[in-house]
Every structure is written in C-alpha cells, then in structure tokens.
Amino acid sequence: MGKRSRKVFEETKKNEATKELTDEVILQPVITSDEPPAKQSRWINKQRALIFSSRGISHRARHLMIDLRTMMPHSKAEPKMDRKDKLFVINEICEMKNCNKCVFFEAKKKQDLYMWVSNCPRGPSAKFLVENVHTMSELKMTGNCLKGSRPLLSFDNAFDDEPYLSLLKELFIQTFGTPNHHPKSQPFFDHVFTFSVTDNRIWFRNYQILEEDGSLVEIGPRFVLNPIRIFEGSFGGPTLFTNPHYVSPNTHRQLIRRQVAQKYINRVHAKKSLDERKPEFTYRSDITDDVFVTIRPEDNQQNG
C-alpha cells in the first residue's frame, strides 16, 4: 500500500504541474514609458523647516518671520534663542524638532537683520543680510491666497549662470517648497514665490494666481537678500563663497557719517580760504584827497 500511495502522489504532482503550465498566460511586452505614472498618495518627501529667531529682533522682523510661517505649512516654530548661545546649537534644536531645514533670523545692534538658510545637520548653509523688509500687514495688497496651499517657485535665469546661485537655488527649493501630500498642505497651487537677481541681490516676491491665463496680484511680504557667505557645513565650516560686493551695515553707516562730516569740513575750508583771499584795504587812500573837501556852515553849527 505504501508503494501505491507514493505512485499516486507523484502522478498527482505531475498532473498539477502540467495544469499550471497550461494555465499560464503569456503577456505581450509593453514599454514602461507608455504607461501612465502611478499616483503617489503617500507623504514621501518629508521636508520640515524650522523658522525662529534670536532675541532682540525688531517688530518688523518678527512679523516677517510670522508671515513666512503662515506661507510655509511644513514649517515649525521655536522660542527665541539667546544671543549668547553659539549657532551650532541650532543643529541640536533641529534634531529635537525633527527638522532638516532651518531659517534663522539673527539680530545685531537692534537694527541689522541677518537670515541663515541651512540644511541641517550636514550643510551647506548661507548667510544673508535682509534689506527693504515689507510685511503683509504693512503692504495691504489686494492679493489673497488660501492658507496651506502649495506655492510654485519661480527663479530668474541668472540662477543658472553662477555656481553659487545654482547652489542657493537648490537650497531655496528644498526649504521654501512645500512637499507633496503634506498633511497640513492643500492639494493645489494658487500663489507663486519669485526669486530674481538684480544688483547682486536676491529679490523675493509673493504673487497670487488669479486665473489660468497667468494674471498675478502681489500678496506680500517682500524683502531683499544680500548674500554674504556660503558655508560648507551647517552654521559654520569652510567658506565656499564670499560676496565681493557686500558692504557691511557698519561700514555703510560709517561712510554716511564721513560724508556728513566732509560737508562741514568743506564749509570750514571755504570760509578760511575766503578770509585768506580777502584784502585788508579795499583800495589805497591818498592824503591829498581831503584838500578839496569844503566844510559848509551848517556842518559847523551841527557840530557846535
């Protein structure tokens, strides 16, 4: 009985194998590029940006920071950092907040505003001087976009001409671009972030898309970034680029004071040269000129 059962078992296996071969369906080869791309409904690009500042920033800088947080749904907030702390501490804060991008506003002398854009924790990072800041509440533009909507990023053609601008372009794309399928974002585009290069500076503008024909209305905020340095690491490290056209605010204020002082110095020199050129006597007098002067009797009576 054991031998027969083995034979029956082997015959059933052979029959099943032949059935599987006959049931296989051979498909024709299809080019993968012809197939529509599969839609990704998962949140894969998990970029998070930490936006915070140091103590001592002005009210305008604080409103600018709040505007950036509202425009970027993938951003996170953090209390103000003490000015005595080193900038390397920000890498640890980003690690605790689970953020891989950071926008840090640094205030100096309660009047100068610097902005750091960094890829934490390995870098690179860039330091800018923020100029001509105008916030949303200050501008009162007619444009308006829904909160949490994803922005389109528009860059000037000059970003492809210089290597350091290409690096900044990639850094801005990863920092300001909202990831697809982010939980706090809306699945549509209704505004544009524009980055243009003029006068060796980067000009930021925010526009609302009104219609499909491309008509735009400015929303705000608006500010100008003057690049100072680009570092290999995050908030430090070897310097990759230094802007030769950058003039620090202290030097700029010193030049203005010198111009004002030069006006006073020029005025003093002009007065001194006038005194030197002015003669003692306007003309030479002659003693004999009074010979022919006649004294009238009325003059004698008045003198008497």
# chains A, B, ... in the order shown; residues from 1 in each chain; ligands from 1

$ closest_atom_pairs --of "segment 184-221 of chain A" --to "segment 237-245 of chain A" --cutoff "10 Å" --atoms "only C-alpha atoms" --output "CSV"
residue,atom,partner,partner_atom,distance
A:Asp199,CA,A:His245,CA,9.5
A:Asn200,CA,A:His245,CA,7.4
A:Arg201,CA,A:His245,CA,9.6

$ write_last_selection --atoms "N, CA, C and O atoms" --output "compact mmCIF listing (two decimals), in the first residue's frame"
# COMPACT_ATOMS: atom_id res chain seq x y z
N ASP A 199 21.16 93.70 -9.10
CA ASP A 199 22.11 94.48 -8.30
C ASP A 199 22.83 93.59 -7.29
O ASP A 199 23.02 93.96 -6.12
N ASN A 200 23.20 92.37 -7.73
CA ASN A 200 23.93 91.40 -6.88
C ASN A 200 23.16 91.04 -5.62
O ASN A 200 23.75 90.68 -4.60
N ARG A 201 21.84 91.14 -5.68
CA ARG A 201 20.98 90.79 -4.55
C ARG A 201 19.84 89.91 -5.05
O ARG A 201 19.52 89.90 -6.23

$ residues_around --residues "Ile90 of chain A" --least-positions-apart "4" --cutoff "9 Å" --atoms "only C-alpha atoms" --output "VMD selection string"
chain A and resid 81 86 94 to 95 102 104 120 234 to 235

$ residues_around --residues "Tyr207 of chain A" --least-positions-apart "6" --cutoff "7 Å" --atoms "only C-alpha atoms" --output "list in words"
His191, Val192, Phe193, Leu216, Val217, Glu218 and Ile219 of chain A

$ write_last_selection --atoms "N, CA, C and O atoms" --output "short mmCIF file (atom, residue, chain, number, x, y, z; two decimals), in the first residue's frame"
data_model
loop_
_atom_site.label_atom_id
_atom_site.label_comp_id
_atom_site.auth_asym_id
_atom_site.auth_seq_id
_atom_site.Cartn_x
_atom_site.Cartn_y
_atom_site.Cartn_z
N HIS A 191 -0.51 80.37 -5.51
CA HIS A 191 0.40 81.51 -5.40
C HIS A 191 1.80 81.10 -5.82
O HIS A 191 2.12 79.90 -5.92
N VAL A 192 2.64 82.12 -6.09
CA VAL A 192 3.98 81.90 -6.65
C VAL A 192 5.00 82.65 -5.80
O VAL A 192 4.80 83.82 -5.47
N PHE A 193 6.10 81.97 -5.47
CA PHE A 193 7.26 82.62 -4.87
C PHE A 193 8.25 82.92 -5.99
O PHE A 193 8.68 82.00 -6.70
N LEU A 216 -1.40 87.80 -12.33
CA LEU A 216 -0.89 87.74 -10.96
C LEU A 216 -1.21 89.02 -10.21
O LEU A 216 -1.33 90.10 -10.80
N VAL A 217 -1.35 88.88 -8.90
CA VAL A 217 -1.53 90.02 -7.98
C VAL A 217 -0.63 89.78 -6.79
O VAL A 217 -0.61 88.68 -6.22
N GLU A 218 0.12 90.80 -6.40
CA GLU A 218 1.07 90.63 -5.31
C GLU A 218 0.36 90.53 -3.96
O GLU A 218 -0.60 91.26 -3.70
N ILE A 219 0.86 89.64 -3.13
CA ILE A 219 0.31 89.44 -1.79
C ILE A 219 1.24 90.06 -0.75
O ILE A 219 0.82 90.81 0.11
#

$ select_by_dssp --residues "segment 77-246 of chain A" --states "alpha helix (DSSP H)" --output "PyMOL selection string"
chain A and resi 89-96+136-139+163-176

$ select_by_dssp --residues "segment 178-299 of chain A" --states "strand (DSSP E)" --output "JSON, numbers by chain"
{"A": [186, 187, 188, 189, 190, 191, 192, 193, 194, 195, 196, 197, 198, 201, 202, 203, 204, 205, 206, 207, 208, 209, 216, 217, 218, 222, 223, 224, 225, 226, 227, 228, 229, 230, 231, 232, 233, 236, 237, 238, 239, 240, 241, 242]}

$ residues_around --residues "Lys80 of chain A" --least-positions-apart "6" --cutoff "8 Å" --atoms "only C-alpha atoms" --output "list in words"
Phe52, Ser53, Ser54 and Arg55 of chain A

$ closest_residue --among "A:Arg122, A:Arg205, A:His269, A:Arg296" --to "Glu92 of chain A" --atoms "only C-alpha atoms"
A:Arg122
